[in-house]
Amino acid sequence: MKTVIIANPASGRFNKDKLNRCADILNKNIGDVTVKYTAKPGDARFIAAESGADMVIAAGGDGLINETAAGIAKEQLFSALPFGTVNVFCREFGIPLNPVKAAINLNTGRTKKIPLGFLGDRPFVLMCGFGYDAQVVKQVVEKGYRRYKTIAHCIEGVLSLAAPYPELTVHANGRSFNARHIIISLGQRYAGSFILSKKIKTGALNIFIQQDKHSSTLLRTILSVAIGGGFPKAPVYAAVAKISGTFSCQLDGEYINTGSDQNYVYVKNSAFTIAF
């Protein structure tokens with residue numbers, strides 16, 4: 001099986017020796033393994049699209065996984081080796097958090113079709129967020145945190161509680177909701193260890209909406225997720241949603257400016273197949 005490993009040497013826990021061990025293991029178990037490195041954002045999508053491989057493996061964090069998934073064809077297998085800081089994707093799908101163990105356990109006969117979300121033409125494998133959620137990620141990026149990102153997110157999470165926010169509106173299923181904090185998720189987990197809700201609907205956009213503008217209410221929501229209680233309200237389930245009122249978005253943990261204050265989000269079922 002022709003396999004390409006796309007590695008990001010700037011990932012939070014990248015280790016070249018471990019990557020080489022993973023490549024040796026996969027070459028022995030699967031055969032015909034090539035490693036390619038990214039040098040800048042956008043490289044992973046191009047490498048995946050041009051690889052002609054039967055399987056594409058992202059060796060990095062959730063940002064690299066997102067980028068790589070955007071470039072693979074539907075008939076290609078996809079997998080991941082966790083070299084990121086949090087590795088939410090791997091946690092969500094039960095891939096071992098030790099990359100060497102993940103390589104040993106990888107079984108091309110054990111597969112699962114999973115959905116892919118889209119923000120306009122930008123794909124995401126986990127979630128997107130608006131309002132407070134996007135503000136926190138934006139601050140972490142703009143202040144240049146490269147290490148200790150988990151701590152940085154906690155600090156900026158507190159500092160952002162009192163930040164001014166635009167009036168956001170969620171349009172879904174023929175209804176409209178005002179909001180300050182929006183998370184649209186394809187799975188249960190947020191930031192790796194935290195559960196958003198046990199009421200997740202697979203193959204749908206699970207839209208979590210914080211409507212109250214008071215900082216104290218937002219803080220209670222955050223604490224509820226942090227201690228295992230999940231988001232206080234059940235999500236709104238939809239196939240398509242429109243978010244109005246902001247250019248800022250968090251997409252699989254990365255901050256982006258969408259270029260528009262009218263943003264459409266939708267989901268494609270069985271968009272690609274993972275091996276684990």
# chains A, B, ... in the order shown; residues from 1 in each chain; ligands from 1

$ residues_around --residues "Gly187 of chain A" --least-positions-apart "6" --cutoff "12 Å" --atoms "only C-alpha atoms" --output "PyMOL selection string"
chain A and resi 88-93+114-117+124-128+194-208+235+252

$ residues_around --residues "Gly42 of chain A" --least-positions-apart "4" --cutoff "12 Å" --atoms "only C-alpha atoms" --output "number ranges by chain"
A: 6, 8, 37-38, 46-49, 63-71, 122

$ write_last_selection --atoms "N, CA and C atoms" --output "PDB file, in the first residue's frame"
ATOM      1  N   ILE A   6       2.692  12.930   6.144  1.00  0.00           N
ATOM      2  CA  ILE A   6       2.922  14.376   6.043  1.00  0.00           C
ATOM      3  C   ILE A   6       3.203  14.897   7.439  1.00  0.00           C
ATOM      4  N   ASN A   8       4.650  17.839  10.213  1.00  0.00           N
ATOM      5  CA  ASN A   8       4.871  19.253  10.501  1.00  0.00           C
ATOM      6  C   ASN A   8       5.929  19.374  11.589  1.00  0.00           C
ATOM      7  N   TYR A  37       7.761  16.633   4.516  1.00  0.00           N
ATOM      8  CA  TYR A  37       7.642  17.672   5.538  1.00  0.00           C
ATOM      9  C   TYR A  37       6.974  18.926   4.977  1.00  0.00           C
ATOM     10  N   THR A  38       6.191  19.566   5.824  1.00  0.00           N
ATOM     11  CA  THR A  38       5.618  20.863   5.450  1.00  0.00           C
ATOM     12  C   THR A  38       6.595  21.968   5.839  1.00  0.00           C
ATOM     13  N   PHE A  46      -1.698  20.526  -0.292  1.00  0.00           N
ATOM     14  CA  PHE A  46      -1.121  20.303  -1.617  1.00  0.00           C
ATOM     15  C   PHE A  46      -0.438  18.941  -1.694  1.00  0.00           C
ATOM     16  N   ILE A  47       0.361  18.604  -0.675  1.00  0.00           N
ATOM     17  CA  ILE A  47       1.075  17.318  -0.669  1.00  0.00           C
ATOM     18  C   ILE A  47       0.088  16.158  -0.722  1.00  0.00           C
ATOM     19  N   ALA A  48      -0.984  16.243   0.100  1.00  0.00           N
ATOM     20  CA  ALA A  48      -1.992  15.170   0.115  1.00  0.00           C
ATOM     21  C   ALA A  48      -2.672  15.026  -1.242  1.00  0.00           C
ATOM     22  N   ALA A  49      -3.035  16.157  -1.838  1.00  0.00           N
ATOM     23  CA  ALA A  49      -3.747  16.130  -3.119  1.00  0.00           C
ATOM     24  C   ALA A  49      -2.887  15.585  -4.250  1.00  0.00           C
ATOM     25  N   GLY A  63      -4.257  21.125  13.673  1.00  0.00           N
ATOM     26  CA  GLY A  63      -4.187  22.019  12.526  1.00  0.00           C
ATOM     27  C   GLY A  63      -3.694  21.304  11.286  1.00  0.00           C
ATOM     28  N   LEU A  64      -2.665  20.474  11.443  1.00  0.00           N
ATOM     29  CA  LEU A  64      -2.141  19.707  10.312  1.00  0.00           C
ATOM     30  C   LEU A  64      -3.163  18.674   9.838  1.00  0.00           C
ATOM     31  N   ILE A  65      -3.850  18.049  10.775  1.00  0.00           N
ATOM     32  CA  ILE A  65      -4.872  17.062  10.423  1.00  0.00           C
ATOM     33  C   ILE A  65      -5.960  17.721   9.588  1.00  0.00           C
ATOM     34  N   ASN A  66      -6.389  18.903  10.012  1.00  0.00           N
ATOM     35  CA  ASN A  66      -7.395  19.653   9.264  1.00  0.00           C
ATOM     36  C   ASN A  66      -6.920  19.940   7.844  1.00  0.00           C
ATOM     37  N   GLU A  67      -5.703  20.438   7.737  1.00  0.00           N
ATOM     38  CA  GLU A  67      -5.141  20.802   6.434  1.00  0.00           C
ATOM     39  C   GLU A  67      -4.993  19.586   5.519  1.00  0.00           C
ATOM     40  N   THR A  68      -4.519  18.486   6.090  1.00  0.00           N
ATOM     41  CA  THR A  68      -4.306  17.268   5.314  1.00  0.00           C
ATOM     42  C   THR A  68      -5.631  16.692   4.825  1.00  0.00           C
ATOM     43  N   ALA A  69      -6.619  16.671   5.721  1.00  0.00           N
ATOM     44  CA  ALA A  69      -7.931  16.132   5.359  1.00  0.00           C
ATOM     45  C   ALA A  69      -8.546  16.899   4.193  1.00  0.00           C
ATOM     46  N   ALA A  70      -8.213  18.190   4.101  1.00  0.00           N
ATOM     47  CA  ALA A  70      -8.754  19.010   3.016  1.00  0.00           C
ATOM     48  C   ALA A  70      -8.216  18.585   1.655  1.00  0.00           C
ATOM     49  N   GLY A  71      -7.079  17.886   1.638  1.00  0.00           N
ATOM     50  CA  GLY A  71      -6.458  17.532   0.368  1.00  0.00           C
ATOM     51  C   GLY A  71      -6.653  16.104  -0.076  1.00  0.00           C
ATOM     52  N   ARG A 122     -13.933  26.014   3.420  1.00  0.00           N
ATOM     53  CA  ARG A 122     -12.886  25.558   4.340  1.00  0.00           C
ATOM     54  C   ARG A 122     -13.379  24.343   5.117  1.00  0.00           C
TER      55      ARG A 122
END

$ closest_residue --among "A:Ser260, A:Asn269, A:Ser224, A:Thr3" --to "Gly52 of chain A" --atoms "only C-alpha atoms"
A:Thr3

$ closest_residue --among "A:Leu159, A:Ala179, A:Ala53, A:Ile256" --to "Met1 of chain A" --atoms "only C-alpha atoms"
A:Ala53

$ select_by_dssp --residues "segment 59-251 of chain A" --states "strand (DSSP E or B)" --output "PyMOL selection string"
chain A and resi 59-60+77-82+111-119+122-124+127-131+168-172+175-179+181-185+189-190+194-195+205-210+236-238+240-244+248-251

$ write_last_selection --atoms "C-alpha atoms" --output "mmCIF file, in the first residue's frame"
data_model
loop_
_atom_site.group_PDB
_atom_site.id
_atom_site.type_symbol
_atom_site.label_atom_id
_atom_site.label_comp_id
_atom_site.auth_asym_id
_atom_site.auth_seq_id
_atom_site.Cartn_x
_atom_site.Cartn_y
_atom_site.Cartn_z
ATOM 1 C CA ALA A 59 1.985 13.516 11.709
ATOM 2 C CA GLY A 60 1.348 16.629 13.755
ATOM 3 C CA LEU A 77 -7.501 6.152 3.647
ATOM 4 C CA PHE A 78 -6.578 8.723 6.269
ATOM 5 C CA SER A 79 -4.900 8.408 9.650
ATOM 6 C CA ALA A 80 -2.910 10.453 12.147
ATOM 7 C CA LEU A 81 0.170 10.266 14.350
ATOM 8 C CA PRO A 82 -0.215 12.573 17.373
ATOM 9 C CA THR A 111 -11.725 1.707 9.271
ATOM 10 C CA LYS A 112 -14.550 4.141 9.880
ATOM 11 C CA LYS A 113 -16.305 6.616 7.602
ATOM 12 C CA ILE A 114 -16.582 10.021 9.240
ATOM 13 C CA PRO A 115 -18.224 13.335 8.345
ATOM 14 C CA LEU A 116 -16.440 16.497 7.329
ATOM 15 C CA GLY A 117 -17.677 19.961 8.178
ATOM 16 C CA PHE A 118 -17.293 23.001 5.961
ATOM 17 C CA LEU A 119 -17.170 26.700 6.740
ATOM 18 C CA ARG A 122 -12.886 25.558 4.340
ATOM 19 C CA PRO A 123 -13.161 22.003 5.737
ATOM 20 C CA PHE A 124 -12.933 21.066 9.405
ATOM 21 C CA MET A 127 -15.370 22.026 15.149
ATOM 22 C CA CYS A 128 -15.605 25.719 14.494
ATOM 23 C CA GLY A 129 -16.340 28.468 16.985
ATOM 24 C CA PHE A 130 -17.472 32.094 16.951
ATOM 25 C CA GLY A 131 -17.673 34.944 19.444
ATOM 26 C CA LEU A 168 -24.081 37.229 16.565
ATOM 27 C CA THR A 169 -27.022 35.366 15.101
ATOM 28 C CA VAL A 170 -27.337 31.659 14.379
ATOM 29 C CA HIS A 171 -29.830 30.695 11.655
ATOM 30 C CA ALA A 172 -30.683 26.980 11.603
ATOM 31 C CA ARG A 175 -35.117 29.518 13.440
ATOM 32 C CA SER A 176 -32.796 32.323 14.596
ATOM 33 C CA PHE A 177 -30.856 32.598 17.874
ATOM 34 C CA ASN A 178 -28.918 35.576 19.222
ATOM 35 C CA ALA A 179 -25.571 34.541 20.659
ATOM 36 C CA HIS A 181 -20.552 32.248 22.212
ATOM 37 C CA ILE A 182 -21.055 29.575 19.517
ATOM 38 C CA ILE A 183 -19.429 26.178 19.073
ATOM 39 C CA ILE A 184 -20.376 23.975 16.123
ATOM 40 C CA SER A 185 -19.011 20.488 16.676
ATOM 41 C CA ARG A 189 -14.740 16.610 22.708
ATOM 42 C CA TYR A 190 -13.451 20.129 23.168
ATOM 43 C CA PHE A 194 -13.467 18.042 27.886
ATOM 44 C CA ILE A 195 -16.862 16.692 26.877
ATOM 45 C CA LEU A 205 -23.770 19.990 13.049
ATOM 46 C CA ASN A 206 -24.092 20.046 16.842
ATOM 47 C CA ILE A 207 -24.575 23.749 17.550
ATOM 48 C CA PHE A 208 -23.934 24.944 21.108
ATOM 49 C CA ILE A 209 -25.242 28.443 21.721
ATOM 50 C CA GLN A 210 -24.557 30.779 24.656
ATOM 51 C CA VAL A 236 -29.270 22.441 18.118
ATOM 52 C CA TYR A 237 -28.904 19.795 15.399
ATOM 53 C CA ALA A 238 -28.745 20.900 11.778
ATOM 54 C CA VAL A 240 -26.691 23.663 7.501
ATOM 55 C CA ALA A 241 -26.323 26.816 9.580
ATOM 56 C CA LYS A 242 -25.645 30.480 8.911
ATOM 57 C CA ILE A 243 -23.651 32.595 11.376
ATOM 58 C CA SER A 244 -24.103 36.354 11.015
ATOM 59 C CA SER A 248 -13.639 35.865 13.307
ATOM 60 C CA CYS A 249 -13.677 32.114 13.638
ATOM 61 C CA GLN A 250 -11.816 29.323 15.388
ATOM 62 C CA LEU A 251 -11.485 26.366 13.006
#

$ closest_residue --among "A:Met55, A:Val140, A:Ala234, A:Ile155" --to "Leu26 of chain A" --atoms "only C-alpha atoms"
A:Met55

$ atom_distance --atom1 "atom CA of Arg13 of chain A" --atom2 "atom CA of Asp121 of chain A"
29.3 Å

$ closest_residue --among "A:Lys16, A:Lys74, A:Lys268, A:Lys101" --to "Ala239 of chain A" --atoms "only C-alpha atoms"
A:Lys268

$ closest_residue --among "A:Glu142, A:Ser270, A:Ala103, A:Leu161" --to "Lys28 of chain A" --atoms "only C-alpha atoms"
A:Ala103

$ atom_distance --atom1 "atom CA of His214 of chain A" --atom2 "atom CA of Gln135 of chain A"
15.9 Å

$ select_by_dssp --residues "segment 130-272 of chain A" --states "helix (DSSP H, G or I)" --output "NGL selection string"
:A and (132-142 or 149-162 or 215-226)

$ write_last_selection --atoms "C-alpha atoms" --output "PDB file, in the first residue's frame"
ATOM      1  CA  TYR A 132     -15.911  34.210  22.729  1.00  0.00           C
ATOM      2  CA  ASP A 133     -14.428  30.970  21.403  1.00  0.00           C
ATOM      3  CA  ALA A 134     -12.803  32.720  18.432  1.00  0.00           C
ATOM      4  CA  GLN A 135     -11.615  35.627  20.600  1.00  0.00           C
ATOM      5  CA  VAL A 136      -9.612  33.341  22.896  1.00  0.00           C
ATOM      6  CA  VAL A 137      -7.839  31.591  20.005  1.00  0.00           C
ATOM      7  CA  LYS A 138      -7.210  34.929  18.276  1.00  0.00           C
ATOM      8  CA  GLN A 139      -5.450  36.306  21.364  1.00  0.00           C
ATOM      9  CA  VAL A 140      -3.266  33.212  21.706  1.00  0.00           C
ATOM     10  CA  VAL A 141      -2.224  33.518  18.047  1.00  0.00           C
ATOM     11  CA  GLU A 142      -1.663  37.284  18.073  1.00  0.00           C
ATOM     12  CA  LYS A 149      -0.549  26.683  24.600  1.00  0.00           C
ATOM     13  CA  THR A 150      -2.914  24.964  27.035  1.00  0.00           C
ATOM     14  CA  ILE A 151      -1.938  27.379  29.797  1.00  0.00           C
ATOM     15  CA  ALA A 152      -2.119  30.277  27.338  1.00  0.00           C
ATOM     16  CA  HIS A 153      -5.682  29.321  26.399  1.00  0.00           C
ATOM     17  CA  CYS A 154      -6.671  29.267  30.077  1.00  0.00           C
ATOM     18  CA  ILE A 155      -5.164  32.706  30.677  1.00  0.00           C
ATOM     19  CA  GLU A 156      -6.731  34.223  27.585  1.00  0.00           C
ATOM     20  CA  GLY A 157     -10.001  32.495  28.424  1.00  0.00           C
ATOM     21  CA  VAL A 158     -10.202  34.479  31.648  1.00  0.00           C
ATOM     22  CA  LEU A 159      -9.036  37.741  30.064  1.00  0.00           C
ATOM     23  CA  SER A 160     -11.550  37.406  27.236  1.00  0.00           C
ATOM     24  CA  LEU A 161     -14.577  37.029  29.512  1.00  0.00           C
ATOM     25  CA  ALA A 162     -15.084  40.788  29.648  1.00  0.00           C
ATOM     26  CA  SER A 215     -19.667  37.297  31.805  1.00  0.00           C
ATOM     27  CA  SER A 216     -20.810  35.373  34.878  1.00  0.00           C
ATOM     28  CA  THR A 217     -23.096  33.169  32.758  1.00  0.00           C
ATOM     29  CA  LEU A 218     -20.321  32.537  30.260  1.00  0.00           C
ATOM     30  CA  LEU A 219     -17.975  31.627  33.118  1.00  0.00           C
ATOM     31  CA  ARG A 220     -20.510  29.128  34.483  1.00  0.00           C
ATOM     32  CA  THR A 221     -20.736  27.526  31.034  1.00  0.00           C
ATOM     33  CA  ILE A 222     -16.947  27.197  30.812  1.00  0.00           C
ATOM     34  CA  LEU A 223     -16.713  25.729  34.311  1.00  0.00           C
ATOM     35  CA  SER A 224     -19.511  23.267  33.566  1.00  0.00           C
ATOM     36  CA  VAL A 225     -17.597  21.943  30.532  1.00  0.00           C
ATOM     37  CA  ALA A 226     -14.316  21.915  32.503  1.00  0.00           C
TER      38      ALA A 226
END

$ atom_distance --atom1 "atom CA of Ile274 of chain A" --atom2 "atom CA of Ala73 of chain A"
12.0 Å

$ residues_around --residues "Leu106 of chain A" --least-positions-apart "4" --cutoff "8 Å" --atoms "only C-alpha atoms" --output "PyMOL selection string"
chain A and resi 102+275-276

$ closest_residue --among "A:Gln211, A:Gly120, A:Val4, A:Lys233" --to "Val265 of chain A" --atoms "only C-alpha atoms"
A:Gly120

$ decode --residues "segment 48-105 of chain A" --atoms "C-alpha atoms" --output "PDB file, in the first residue's frame"
ATOM      1  CA  ALA A  48      -1.992  15.170   0.115  1.00  0.00           C
ATOM      2  CA  ALA A  49      -3.747  16.130  -3.119  1.00  0.00           C
ATOM      3  CA  GLU A  50      -0.669  15.431  -5.254  1.00  0.00           C
ATOM      4  CA  SER A  51       0.520  12.284  -3.442  1.00  0.00           C
ATOM      5  CA  GLY A  52      -1.372   9.613  -5.402  1.00  0.00           C
ATOM      6  CA  ALA A  53      -1.101   7.515  -2.237  1.00  0.00           C
ATOM      7  CA  ASP A  54      -3.514   4.855  -1.049  1.00  0.00           C
ATOM      8  CA  MET A  55      -3.237   6.200   2.493  1.00  0.00           C
ATOM      9  CA  VAL A  56      -2.274   9.622   3.834  1.00  0.00           C
ATOM     10  CA  ILE A  57      -1.117  10.040   7.437  1.00  0.00           C
ATOM     11  CA  ALA A  58      -0.862  13.415   9.175  1.00  0.00           C
ATOM     12  CA  ALA A  59       1.985  13.516  11.709  1.00  0.00           C
ATOM     13  CA  GLY A  60       1.348  16.629  13.755  1.00  0.00           C
ATOM     14  CA  GLY A  61      -1.428  18.416  15.616  1.00  0.00           C
ATOM     15  CA  ASP A  62      -5.063  19.137  14.855  1.00  0.00           C
ATOM     16  CA  GLY A  63      -4.187  22.019  12.526  1.00  0.00           C
ATOM     17  CA  LEU A  64      -2.141  19.707  10.312  1.00  0.00           C
ATOM     18  CA  ILE A  65      -4.872  17.062  10.423  1.00  0.00           C
ATOM     19  CA  ASN A  66      -7.395  19.653   9.264  1.00  0.00           C
ATOM     20  CA  GLU A  67      -5.141  20.802   6.434  1.00  0.00           C
ATOM     21  CA  THR A  68      -4.306  17.268   5.314  1.00  0.00           C
ATOM     22  CA  ALA A  69      -7.931  16.132   5.359  1.00  0.00           C
ATOM     23  CA  ALA A  70      -8.754  19.010   3.016  1.00  0.00           C
ATOM     24  CA  GLY A  71      -6.458  17.532   0.368  1.00  0.00           C
ATOM     25  CA  ILE A  72      -7.275  13.845   0.410  1.00  0.00           C
ATOM     26  CA  ALA A  73      -9.592  12.185  -2.080  1.00  0.00           C
ATOM     27  CA  LYS A  74     -12.643  10.257  -0.876  1.00  0.00           C
ATOM     28  CA  GLU A  75     -11.146   6.894  -1.886  1.00  0.00           C
ATOM     29  CA  GLN A  76      -7.932   7.427   0.109  1.00  0.00           C
ATOM     30  CA  LEU A  77      -7.501   6.152   3.647  1.00  0.00           C
ATOM     31  CA  PHE A  78      -6.578   8.723   6.269  1.00  0.00           C
ATOM     32  CA  SER A  79      -4.900   8.408   9.650  1.00  0.00           C
ATOM     33  CA  ALA A  80      -2.910  10.453  12.147  1.00  0.00           C
ATOM     34  CA  LEU A  81       0.170  10.266  14.350  1.00  0.00           C
ATOM     35  CA  PRO A  82      -0.215  12.573  17.373  1.00  0.00           C
ATOM     36  CA  PHE A  83       2.637  15.076  17.541  1.00  0.00           C
ATOM     37  CA  GLY A  84       0.491  18.067  18.542  1.00  0.00           C
ATOM     38  CA  THR A  85      -0.038  19.737  21.894  1.00  0.00           C
ATOM     39  CA  VAL A  86      -3.583  18.484  22.577  1.00  0.00           C
ATOM     40  CA  ASN A  87      -4.413  16.025  19.745  1.00  0.00           C
ATOM     41  CA  VAL A  88      -8.201  16.323  19.960  1.00  0.00           C
ATOM     42  CA  PHE A  89      -8.777  14.327  16.750  1.00  0.00           C
ATOM     43  CA  CYS A  90      -6.791  11.356  18.061  1.00  0.00           C
ATOM     44  CA  ARG A  91      -8.621  11.465  21.395  1.00  0.00           C
ATOM     45  CA  GLU A  92     -11.974  11.611  19.621  1.00  0.00           C
ATOM     46  CA  PHE A  93     -11.268   8.502  17.532  1.00  0.00           C
ATOM     47  CA  GLY A  94      -9.302   6.441  20.040  1.00  0.00           C
ATOM     48  CA  ILE A  95      -5.877   6.760  18.391  1.00  0.00           C
ATOM     49  CA  PRO A  96      -3.126   6.263  21.023  1.00  0.00           C
ATOM     50  CA  LEU A  97      -1.508   9.516  22.141  1.00  0.00           C
ATOM     51  CA  ASN A  98       1.959   7.978  21.905  1.00  0.00           C
ATOM     52  CA  PRO A  99       2.822   8.258  18.181  1.00  0.00           C
ATOM     53  CA  VAL A 100       4.965   5.097  18.201  1.00  0.00           C
ATOM     54  CA  LYS A 101       2.115   3.120  19.761  1.00  0.00           C
ATOM     55  CA  ALA A 102      -0.274   4.680  17.239  1.00  0.00           C
ATOM     56  CA  ALA A 103       1.954   3.417  14.419  1.00  0.00           C
ATOM     57  CA  ILE A 104       2.143  -0.068  15.928  1.00  0.00           C
ATOM     58  CA  ASN A 105      -1.640  -0.240  16.379  1.00  0.00           C
TER      59      ASN A 105
END
